[in-house]
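Asker: Pasting entry-v3.csv here (CSV, C-alpha atoms):
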chain,number,residue,atom,x,y,z
S,1,MET,CA,90.2,84.1,113.6
S,2,ASN,CA,92.7,83.1,111.0
S,3,PRO,CA,92.7,85.8,108.3
S,4,SER,CA,92.6,83.1,105.6
S,5,THR,CA,89.1,82.3,106.7
S,6,LYS,CA,87.9,85.8,106.4
S,7,PRO,CA,86.4,87.4,103.3
S,8,LEU,CA,87.9,90.6,102.2
S,9,PRO,CA,86.2,93.5,104.0
S,10,ASP,CA,83.5,95.3,102.0
S,11,GLU,CA,83.8,98.9,101.1
S,12,PRO,CA,82.3,101.0,103.9
S,13,ALA,CA,79.3,102.8,102.3
S,14,ALA,CA,79.9,106.0,104.4
S,15,THR,CA,83.5,106.3,103.5
S,16,GLN,CA,83.7,105.3,99.8
S,17,ARG,CA,85.7,107.5,97.5
S,18,ALA,CA,83.8,109.3,94.9
S,19,ALA,CA,83.1,107.2,91.8
S,20,PRO,CA,85.8,107.3,89.1
S,21,PRO,CA,85.3,109.6,86.2
S,22,GLU,CA,82.5,108.7,83.7
S,23,GLY,CA,83.5,106.7,80.7
S,24,ALA,CA,85.8,103.8,80.1
S,25,ARG,CA,87.2,103.6,83.6
S,26,ALA,CA,83.8,103.4,85.3
S,27,GLY,CA,82.6,101.0,82.7
S,28,LEU,CA,85.6,98.8,83.3
S,29,GLY,CA,84.7,98.4,86.9
S,30,GLN,CA,81.1,97.4,86.1
S,31,ALA,CA,82.3,94.9,83.5
S,32,LEU,CA,84.8,93.3,85.9
S,33,ARG,CA,82.1,92.8,88.6
S,34,GLN,CA,80.3,90.6,86.1
S,35,LEU,CA,83.2,88.2,86.3
S,36,ILE,CA,82.5,87.3,89.9
S,37,GLY,CA,81.7,83.6,90.1
S,38,GLN,CA,83.2,82.9,86.7
S,39,ARG,CA,86.2,80.7,85.9
S,40,THR,CA,89.6,82.4,85.5
S,41,ASP,CA,89.5,81.7,81.7
S,42,ALA,CA,86.8,84.4,81.5
S,43,ILE,CA,89.2,87.1,82.5
S,44,ASP,CA,90.2,89.3,79.6
S,45,THR,CA,93.8,90.2,79.0
S,46,PRO,CA,96.0,91.8,80.1
S,47,ALA,CA,94.7,91.9,83.7
S,48,LEU,CA,96.2,92.1,87.1
S,49,VAL,CA,95.2,89.1,89.2
S,50,ILE,CA,95.6,88.2,92.9
S,51,ASP,CA,95.7,84.6,93.9
S,52,LEU,CA,93.7,85.1,97.1
S,53,ASP,CA,94.7,81.8,98.7
S,54,ALA,CA,98.4,82.6,98.3
S,55,MET,CA,98.0,86.2,99.5
S,56,GLU,CA,96.1,85.1,102.6
S,57,ARG,CA,98.8,82.5,103.4
S,58,ASN,CA,101.4,85.3,103.2
S,59,LEU,CA,99.3,87.4,105.5
S,60,THR,CA,98.9,84.7,108.0
S,61,ARG,CA,102.6,83.9,108.0
S,62,MET,CA,103.6,87.5,108.6
S,63,ALA,CA,101.0,87.9,111.3
S,64,GLU,CA,102.3,84.8,113.1
S,65,PHE,CA,105.9,86.1,112.8
S,66,THR,CA,105.2,89.5,114.3
S,67,ARG,CA,103.2,88.0,117.2
S,68,LYS,CA,106.0,85.5,117.9
S,69,HIS,CA,108.6,88.2,118.0
S,70,GLY,CA,106.6,90.8,119.8
S,71,VAL,CA,106.8,93.6,117.2
S,72,ARG,CA,104.1,95.6,115.5
S,73,LEU,CA,103.3,95.4,111.8
S,74,ARG,CA,102.6,98.5,109.8
S,75,PRO,CA,102.7,97.3,106.2
S,76,HIS,CA,103.4,99.7,103.3
S,77,ALA,CA,100.1,100.3,101.5
S,78,LYS,CA,101.9,102.1,98.7
S,79,MET,CA,102.4,98.6,97.4
S,80,HIS,CA,98.7,97.6,96.9
S,81,LYS,CA,97.1,101.1,97.2
S,82,SER,CA,93.9,99.5,98.2
S,83,ALA,CA,91.7,100.4,101.2
S,84,ALA,CA,90.1,97.0,101.2
S,85,LEU,CA,93.5,95.2,101.4
S,86,ALA,CA,94.7,97.7,104.1
S,87,ARG,CA,91.7,96.9,106.2
S,88,LEU,CA,92.2,93.2,105.7
S,89,GLN,CA,95.8,93.6,107.0
S,90,MET,CA,94.6,95.5,110.0
S,91,GLN,CA,92.0,92.8,110.7
S,92,ALA,CA,94.9,90.3,110.7
S,93,GLY,CA,96.8,92.3,113.4
S,94,ALA,CA,98.5,95.2,111.7
S,95,VAL,CA,98.3,98.4,113.7
S,96,GLY,CA,97.9,100.5,110.6
S,97,VAL,CA,99.6,101.2,107.3
S,98,CYS,CA,102.3,103.3,105.8
S,99,VAL,CA,102.1,105.4,102.7
S,100,GLN,CA,104.5,107.7,100.9
S,101,LYS,CA,102.2,110.4,99.6
S,102,THR,CA,99.5,112.7,101.1
S,103,ALA,CA,97.1,111.7,98.3
S,104,GLU,CA,97.6,108.0,99.2
S,105,ALA,CA,96.7,108.8,102.8
S,106,GLU,CA,93.6,110.7,101.7
S,107,ALA,CA,92.5,107.9,99.4
S,108,LEU,CA,92.9,105.2,102.0
S,109,ALA,CA,91.3,107.3,104.8
S,110,ALA,CA,88.3,107.8,102.5
S,111,GLY,CA,88.1,104.0,102.2
S,112,GLY,CA,87.9,103.5,105.9
S,113,VAL,CA,91.5,103.2,107.0
S,114,THR,CA,92.0,105.1,110.3
S,115,ASP,CA,95.7,104.6,111.3
S,116,ILE,CA,98.0,106.0,108.6
S,117,TYR,CA,101.7,107.0,108.7
S,118,ILE,CA,103.1,109.1,105.9
S,119,SER,CA,106.6,107.8,106.1
S,120,ASN,CA,108.0,110.5,104.0
S,121,GLU,CA,108.8,114.2,104.1
S,122,VAL,CA,106.1,116.7,103.1
S,123,ILE,CA,107.3,120.3,102.5
S,124,ALA,CA,104.8,122.1,100.3
S,125,LEU,CA,102.4,124.2,102.5
S,126,PRO,CA,99.4,123.3,100.3
S,127,LYS,CA,100.0,119.6,100.9
S,128,LEU,CA,100.7,120.2,104.6
S,129,ARG,CA,97.4,121.9,104.9
S,130,ARG,CA,95.9,118.7,103.5
S,131,VAL,CA,97.9,116.7,106.0
S,132,ALA,CA,96.4,118.9,108.8
S,133,ALA,CA,92.9,118.5,107.5
S,134,LEU,CA,93.4,114.7,107.3
S,135,ALA,CA,94.8,114.6,110.9
S,136,GLN,CA,91.7,116.4,112.0
S,137,ALA,CA,89.3,114.1,110.1
S,138,LEU,CA,91.0,111.0,111.4
S,139,ALA,CA,91.0,112.3,115.0
S,140,ALA,CA,87.3,112.8,114.7
S,141,ARG,CA,87.0,109.1,113.9
S,142,GLN,CA,89.3,108.1,116.8
S,143,GLY,CA,92.0,107.5,114.2
S,144,ARG,CA,95.6,108.6,113.9
S,145,LEU,CA,97.9,110.3,111.4
S,146,ALA,CA,101.7,110.3,111.6
S,147,ILE,CA,104.4,111.8,109.4
S,148,ALA,CA,108.2,111.9,109.0
S,149,VAL,CA,110.5,114.9,109.1
S,150,ASP,CA,114.2,115.4,108.4
S,151,SER,CA,114.7,119.2,108.7
S,152,LEU,CA,114.0,122.1,111.0
S,153,ASP,CA,112.2,123.8,108.1
S,154,GLY,CA,110.0,120.8,107.7
S,155,VAL,CA,109.1,120.9,111.4
S,156,ALA,CA,108.3,124.6,111.2
S,157,ARG,CA,106.1,124.2,108.1
S,158,LEU,CA,104.2,121.3,109.7
S,159,ALA,CA,103.6,123.3,112.8
S,160,GLU,CA,102.4,126.3,110.8
S,161,ALA,CA,99.9,124.0,108.9
S,162,MET,CA,98.7,122.4,112.2
S,163,ALA,CA,98.4,125.7,114.1
S,164,GLY,CA,94.9,126.0,115.6
S,165,SER,CA,94.1,122.4,115.0
S,166,ALA,CA,92.5,120.4,117.7
S,167,ALA,CA,94.2,117.3,116.5
S,168,VAL,CA,97.7,116.1,117.4
S,169,ILE,CA,100.0,114.6,114.7
S,170,ASP,CA,102.7,112.1,115.6
S,171,VAL,CA,106.0,113.0,114.1
S,172,PHE,CA,108.9,110.7,113.4
S,173,VAL,CA,112.5,111.9,112.9
S,174,GLU,CA,113.9,110.1,109.9
S,175,ILE,CA,117.6,109.2,110.1
S,176,ASP,CA,119.6,107.9,107.1
S,177,VAL,CA,120.7,104.4,108.0
S,178,GLY,CA,122.2,103.6,104.6
S,179,GLN,CA,119.6,104.4,102.0
S,180,GLY,CA,121.3,107.6,101.0
S,181,ARG,CA,118.0,109.3,100.3
S,182,CYS,CA,116.0,111.2,103.0
S,183,GLY,CA,116.9,111.4,106.6
S,184,VAL,CA,119.4,113.3,108.8
S,185,VAL,CA,122.8,111.9,109.8
S,186,PRO,CA,122.3,109.7,112.9
S,187,GLY,CA,123.1,111.4,116.1
S,188,GLU,CA,123.0,115.1,117.1
S,189,ALA,CA,121.0,116.2,114.1
S,190,ALA,CA,118.1,113.9,115.1
S,191,LEU,CA,118.2,115.2,118.7
S,192,VAL,CA,117.9,118.8,117.4
S,193,LEU,CA,114.8,117.8,115.4
S,194,ALA,CA,113.2,115.9,118.4
S,195,GLN,CA,113.7,119.0,120.5
S,196,ALA,CA,112.2,121.3,117.9
S,197,ILE,CA,109.1,119.0,117.6
S,198,GLY,CA,108.6,119.3,121.3
S,199,ARG,CA,108.3,123.1,121.1
S,200,HIS,CA,105.0,122.9,119.0
S,201,ALA,CA,101.9,121.8,120.8
S,202,PRO,CA,100.1,120.1,117.8
S,203,LEU,CA,103.2,118.0,117.2
S,204,ARG,CA,104.2,114.9,119.2
S,205,PHE,CA,107.6,113.4,118.9
S,206,ALA,CA,106.8,109.7,118.2
S,207,GLY,CA,110.2,108.2,117.6
S,208,LEU,CA,112.6,107.4,114.8
S,209,GLN,CA,112.0,106.4,111.2
S,210,ALA,CA,115.0,104.2,110.2
S,211,TYR,CA,114.3,102.4,106.9
S,212,HIS,CA,117.2,100.9,104.9
S,213,GLY,CA,115.7,100.6,101.4
S,214,ARG,CA,119.0,99.6,99.7
S,215,ALA,CA,119.4,96.6,102.0
S,216,GLN,CA,116.1,95.1,100.9
S,217,HIS,CA,117.6,93.8,97.6
S,218,LEU,CA,121.1,92.9,98.6
S,219,ARG,CA,121.0,89.3,97.4
S,220,THR,CA,122.8,87.3,100.1
S,221,VAL,CA,121.8,86.9,103.7
S,222,GLN,CA,125.2,87.9,104.8
S,223,GLN,CA,125.1,91.2,102.9
S,224,ARG,CA,121.8,92.1,104.4
S,225,ARG,CA,122.9,91.2,107.9
S,226,GLU,CA,126.0,93.4,107.6
S,227,ALA,CA,123.9,96.3,106.3
S,228,ILE,CA,121.3,96.1,109.0
S,229,ALA,CA,123.9,95.6,111.8
S,230,ILE,CA,125.2,99.1,110.9
S,231,ALA,CA,121.7,100.5,110.8
S,232,VAL,CA,121.0,99.1,114.2
S,233,ASP,CA,124.2,100.7,115.6
S,234,ASP,CA,123.1,104.0,114.1
S,235,VAL,CA,119.6,103.7,115.6
S,236,THR,CA,120.9,102.7,119.0
S,237,TYR,CA,123.4,105.6,119.2
S,238,THR,CA,120.7,108.1,118.1
S,239,ARG,CA,118.1,106.8,120.5
S,240,ARG,CA,120.5,106.9,123.5
S,241,LEU,CA,121.5,110.5,122.6
S,242,ILE,CA,117.9,111.6,122.5
S,243,GLU,CA,116.9,109.8,125.6
S,244,ALA,CA,119.9,111.2,127.5
S,245,ALA,CA,118.4,114.6,126.8
S,246,GLY,CA,115.2,113.6,128.6
S,247,ILE,CA,113.1,112.9,125.5
S,248,PRO,CA,111.6,109.4,125.4
S,249,VAL,CA,111.9,107.5,122.1
S,250,ASP,CA,108.8,105.4,122.2
S,251,LEU,CA,109.2,103.6,118.9
S,252,VAL,CA,111.7,102.9,116.1
S,253,THR,CA,110.0,102.0,112.9
S,254,GLY,CA,111.4,100.7,109.6
S,255,ALA,CA,112.3,97.4,107.9
S,256,GLY,CA,111.1,95.9,104.6
S,257,THR,CA,110.4,92.5,103.1
S,258,GLY,CA,114.0,91.8,102.5
S,259,THR,CA,115.3,92.4,106.0
S,260,PHE,CA,112.5,92.5,108.5
S,261,VAL,CA,113.7,89.4,110.3
S,262,LEU,CA,116.9,91.3,111.2
S,263,GLU,CA,115.2,94.4,112.5
S,264,ALA,CA,112.8,92.2,114.5
S,265,ALA,CA,115.7,90.3,116.1
S,266,SER,CA,117.6,93.5,116.9
S,267,GLY,CA,115.6,94.4,120.0
S,268,VAL,CA,115.7,98.0,118.8
S,269,TYR,CA,113.0,98.1,116.2
S,270,GLY,CA,109.4,97.9,117.5
S,271,GLU,CA,107.5,98.2,114.2
S,272,LEU,CA,108.0,96.7,110.8
S,273,GLN,CA,107.0,98.4,107.6
S,274,ALA,CA,107.3,95.4,105.2
S,275,GLY,CA,104.8,95.5,102.4
S,276,SER,CA,105.8,93.4,99.4
S,277,PHE,CA,105.5,90.2,101.3
S,278,LEU,CA,101.8,90.2,100.6
S,279,PHE,CA,102.3,89.8,96.9
S,280,MET,CA,106.0,88.8,96.5
S,281,ASP,CA,107.3,90.0,93.1
S,282,ALA,CA,110.0,88.5,90.9
S,283,ASP,CA,112.8,90.7,92.2
S,284,TYR,CA,112.3,89.8,95.9
S,285,ALA,CA,112.3,86.1,94.8
S,286,LYS,CA,115.9,86.6,93.7
S,287,ASN,CA,117.1,87.2,97.3
S,288,GLU,CA,118.7,84.4,99.1
S,289,ARG,CA,116.1,83.4,101.7
S,290,ASP,CA,117.0,83.9,105.4
S,291,ALA,CA,116.1,80.7,107.2
S,292,ALA,CA,114.3,82.8,109.9
S,293,GLN,CA,112.0,84.4,107.3
S,294,PRO,CA,108.6,82.9,106.6
S,295,GLN,CA,108.1,81.3,103.2
S,296,PHE,CA,106.1,83.8,101.1
S,297,GLU,CA,104.5,82.9,97.8
S,298,HIS,CA,103.9,84.8,94.6
S,299,ALA,CA,100.4,86.1,94.8
S,300,LEU,CA,100.3,88.8,92.1
S,301,PHE,CA,100.1,87.9,88.4
S,302,VAL,CA,99.5,89.6,85.1
S,303,LYS,CA,97.2,87.4,83.0
S,304,THR,CA,98.1,87.5,79.4
S,305,GLN,CA,97.3,85.7,76.1
S,306,VAL,CA,99.4,84.5,73.2
S,307,ILE,CA,98.4,86.6,70.2
S,308,SER,CA,101.0,85.5,67.7
S,309,VAL,CA,103.3,82.6,67.1
S,310,GLY,CA,106.5,82.5,65.0
S,311,ALA,CA,109.0,79.8,64.2
S,312,ASP,CA,111.1,80.4,67.3
S,313,HIS,CA,109.0,82.7,69.5
S,314,ALA,CA,105.5,83.6,70.6
S,315,VAL,CA,104.0,87.0,71.4
S,316,CYS,CA,101.7,87.8,74.3
S,317,ASP,CA,99.6,90.9,74.8
S,318,ALA,CA,101.2,92.2,78.1
S,319,GLY,CA,103.9,94.7,77.5
S,320,HIS,CA,105.3,97.5,79.6
S,321,LYS,CA,101.9,99.2,80.0
S,322,SER,CA,100.7,96.3,82.1
S,323,HIS,CA,103.7,95.7,84.3
S,324,ALA,CA,106.7,97.8,85.6
S,325,ILE,CA,110.2,96.9,84.4
S,326,ASP,CA,112.3,99.0,86.8
S,327,SER,CA,113.3,95.8,88.6
S,328,GLY,CA,113.6,93.7,85.5
S,329,LEU,CA,111.2,91.9,83.2
S,330,PRO,CA,108.6,89.6,84.5
S,331,LEU,CA,108.9,85.8,85.0
S,332,VAL,CA,106.6,83.5,83.2
S,333,HIS,CA,104.8,81.4,85.7
S,334,ALA,CA,105.4,77.7,84.9
S,335,LEU,CA,102.4,76.2,83.2
S,336,GLU,CA,103.4,72.5,83.1
S,337,PRO,CA,106.6,70.5,82.4
S,338,GLY,CA,107.9,71.2,78.9
S,339,TYR,CA,106.5,74.7,78.7
S,340,GLU,CA,109.1,76.8,80.5
S,341,LEU,CA,109.3,80.2,78.9
S,342,THR,CA,111.5,83.3,79.0
S,343,TYR,CA,109.9,86.7,78.7
S,344,LEU,CA,111.8,89.2,76.5
S,345,ASN,CA,111.2,92.9,75.9
S,346,GLY,CA,108.5,93.4,73.2
S,347,GLY,CA,107.7,97.0,73.9
S,348,ASP,CA,104.6,98.8,75.3
S,349,GLU,CA,101.9,96.3,74.3
S,350,HIS,CA,103.8,93.0,73.6
S,351,GLY,CA,106.0,90.5,75.3
S,352,VAL,CA,108.2,88.2,73.3
S,353,LEU,CA,108.3,84.6,74.6
S,354,ARG,CA,111.0,82.0,73.9
S,355,ALA,CA,111.4,78.5,75.0
S,356,ALA,CA,113.7,78.4,78.0
S,357,GLY,CA,115.4,75.1,77.2
S,358,ALA,CA,116.0,72.9,74.1
S,359,ASN,CA,113.2,70.6,75.2
S,360,ASP,CA,110.6,73.3,76.0
S,361,ARG,CA,107.8,74.1,73.6
S,362,LEU,CA,106.3,77.4,72.6
S,363,PRO,CA,102.7,78.0,73.7
S,364,GLU,CA,100.0,77.7,71.0
S,365,LEU,CA,98.0,80.7,69.7
S,366,GLY,CA,95.4,81.8,72.2
S,367,ARG,CA,97.1,80.2,75.2
S,368,MET,CA,96.6,82.0,78.5
S,369,LEU,CA,99.8,82.7,80.5
S,370,TRP,CA,100.6,84.2,83.9
S,371,LEU,CA,103.4,86.6,84.5
S,372,ILE,CA,105.1,87.4,87.8
S,373,PRO,CA,105.9,91.1,87.8
S,374,GLY,CA,109.4,92.3,88.5
S,375,HIS,CA,108.2,95.0,91.0
S,376,CYS,CA,104.7,94.9,92.4
S,377,ASP,CA,104.3,98.5,93.6
S,378,PRO,CA,104.5,100.3,90.3
S,379,THR,CA,102.8,97.4,88.5
S,380,VAL,CA,99.7,97.8,90.7
S,381,ASN,CA,99.8,101.6,90.0
S,382,LEU,CA,99.2,100.8,86.3
S,383,HIS,CA,95.8,99.2,87.0
S,384,ASP,CA,92.4,100.4,88.2
S,385,HIS,CA,91.4,97.1,89.7
S,386,LEU,CA,92.8,93.9,91.0
S,387,ILE,CA,90.9,90.7,90.2
S,388,GLY,CA,90.9,88.3,93.2
S,389,VAL,CA,90.8,84.6,92.3
S,390,ARG,CA,90.0,81.8,94.6
S,391,GLY,CA,91.1,78.1,94.0
S,392,GLY,CA,94.1,78.6,91.8
S,393,LEU,CA,95.0,80.5,88.6
S,394,LEU,CA,94.1,77.7,86.2
S,395,HIS,CA,90.9,76.3,87.6
S,396,GLY,CA,89.8,78.8,90.2
S,397,THR,CA,87.0,81.3,90.1
S,398,VAL,CA,86.8,85.1,90.4
S,399,GLU,CA,85.7,86.0,93.9
S,400,ARG,CA,86.4,89.7,94.3
S,401,ILE,CA,87.1,92.9,92.3
S,402,ILE,CA,89.4,95.1,94.4
S,403,ARG,CA,89.7,98.8,93.5
S,404,VAL,CA,93.2,100.4,93.4
S,405,ASP,CA,91.9,103.4,95.4
S,406,ALA,CA,95.2,105.3,95.4
S,407,ARG,CA,96.2,104.7,91.8
S,408,GLY,CA,98.0,107.8,90.5
S,409,ALA,CA,98.0,109.4,93.9
S,410,LEU,CA,101.3,111.1,93.4
S,411,THR,CA,101.0,114.3,95.4
Go ahead and render the structure in this file as structure tokens.

Answerer:
Amino acid sequence: MNPSTKPLPDEPAATQRAAPPEGARAGLGQALRQLIGQRTDAIDTPALVIDLDAMERNLTRMAEFTRKHGVRLRPHAKMHKSAALARLQMQAGAVGVCVQKTAEAEALAAGGVTDIYISNEVIALPKLRRVAALAQALAARQGRLAIAVDSLDGVARLAEAMAGSAAVIDVFVEIDVGQGRCGVVPGEAALVLAQAIGRHAPLRFAGLQAYHGRAQHLRTVQQRREAIAIAVDDVTYTRRLIEAAGIPVDLVTGAGTGTFVLEAASGVYGELQAGSFLFMDADYAKNERDAAQPQFEHALFVKTQVISVGADHAVCDAGHKSHAIDSGLPLVHALEPGYELTYLNGGDEHGVLRAAGANDRLPELGRMLWLIPGHCDPTVNLHDHLIGVRGGLLHGTVERIIRVDARGALT
């Protein structure tokens, strides 16, 4: 079935997270549920809103792309932090999801997600014991947990935490293919780690983690092609070295929304970790589009209202507390001709709006506006709920309230 014809999956009653703390947060969820069936103008501001139609088109296009190219999709759920959206992605063909934090994995597992990859290093023994407990819990539900390592000490600590467990955890060796963050140097160091993993019964060497984060936001297609070509060479060399030692490399996983067409075409990567394609933020929209990439639409918006109007500017009620600014200020979604606006820094609670051109007008007091966040991941983490709208931002209706299950899951 086409995912655009499916409703978002309901929260599984047996696996729901504990209710949020008493007080304003719990009350907010109850108040938002009363919006279901109402027009979008009933949504109070500022609020984080999903255009469900656009999101589902993005989901369908990515599913079609991965099927056509014979690669697996394991989208990054750190982007939306929602078990309901993770389950929707898996219904559309994703094999599972990635996260970066143990707490994110726990929150999504509690929400019914059964195939999770912590694509990050976990070193603290208390957290590793949580990893081991989660691996055991998922195995009992015929699920799977995987994790990344980039050090012998990391392998030893993971093995210590998993000792005595009936579960097996899949372990990927992370190599640094250009991000300059985590990962060992491609080649011999990765082989040493793969061999070390094989010496511990609860651990299974699952392949290579090779994500080039820096390449995702290189603006031109040519820049991204050059960066991923180097990454593919590094992966190919490392894989051959490990396999020459008699250790199968079953999977190479990586890629993001900016480069996944290149990893898919490489013949080396078998799994794509792109996540932001589902919502498409303002920063990714600045990239020159690769002709081979599906056309994704903006689907995540901050609804805001004009609360003050001056002679040459207007002010809205969505400041930095409602959207992240690490990748730049948000764009103002075009309302209609003659109303193009530029969003300027107004501080924590305010955004300053100016007419983009000489012929553009300022919005009137009380006007509702829609902002496209610069970076979707940290923007979502600022909100407890996502409001799903069907039928367009201006004239649609609220269909769904989606909990941000892993909001603040930092450990």

Asker: To one decimal place, how far is CA of Leu331 in chain S from CA of Ala285 in chain S in Å?

Answerer: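 So the answer is 10.4 Å.
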
Asker: Taking 6 positions as the minimum chain separation for residues in the same chain, which residues sit within 8 Å of Val49 in chain S when counting all atoms listed in the file? Answer as a ChimeraX atom specification.

Answerer: /S:300-303,386-389

Asker: Just the residues within 7 Å of Gly338 in chain S, please, counting all atoms listed in the file, with nothing from its chain fewer than 3 positions along; format it as a tab-separated table (two decimals) with C-alpha atoms, in the frame of the given file.

Answerer:
chain	number	residue	atom	x	y	z
S	359	ASN	CA	113.20	70.60	75.20
S	360	ASP	CA	110.60	73.30	76.00
S	361	ARG	CA	107.80	74.10	73.60

Asker: Return the single residue from S:Val184, S:Leu128, S:Ile43, S:Met79 that is closest to Phe279 in chain S, with distances computed using all atoms listed in the file.

Answerer: S:Met79

Asker: Could you work out how far CA of Ser82 in chain S lies from CA of Asp53 in chain S, giving the answer in Å with one decimal?

Answerer: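 Interatomic distance here is 17.7 Å.
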
Asker: Using only C-alpha atoms, find the one residue out of S:Val113, S:Glu160, S:Ala201, S:Ala291 that sits nearest to Arg129 in chain S.

Answerer: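 Looking only at the distances to Arg129 in chain S, the closest residue turns out to be S:Glu160.
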
Asker: Quick one, how far is CA of His383 in chain S from CA of Leu59 in chain S?

Answerer: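 Atom-to-atom, CA of His383 in chain S to CA of Leu59 in chain S, that is 22.2 Å.
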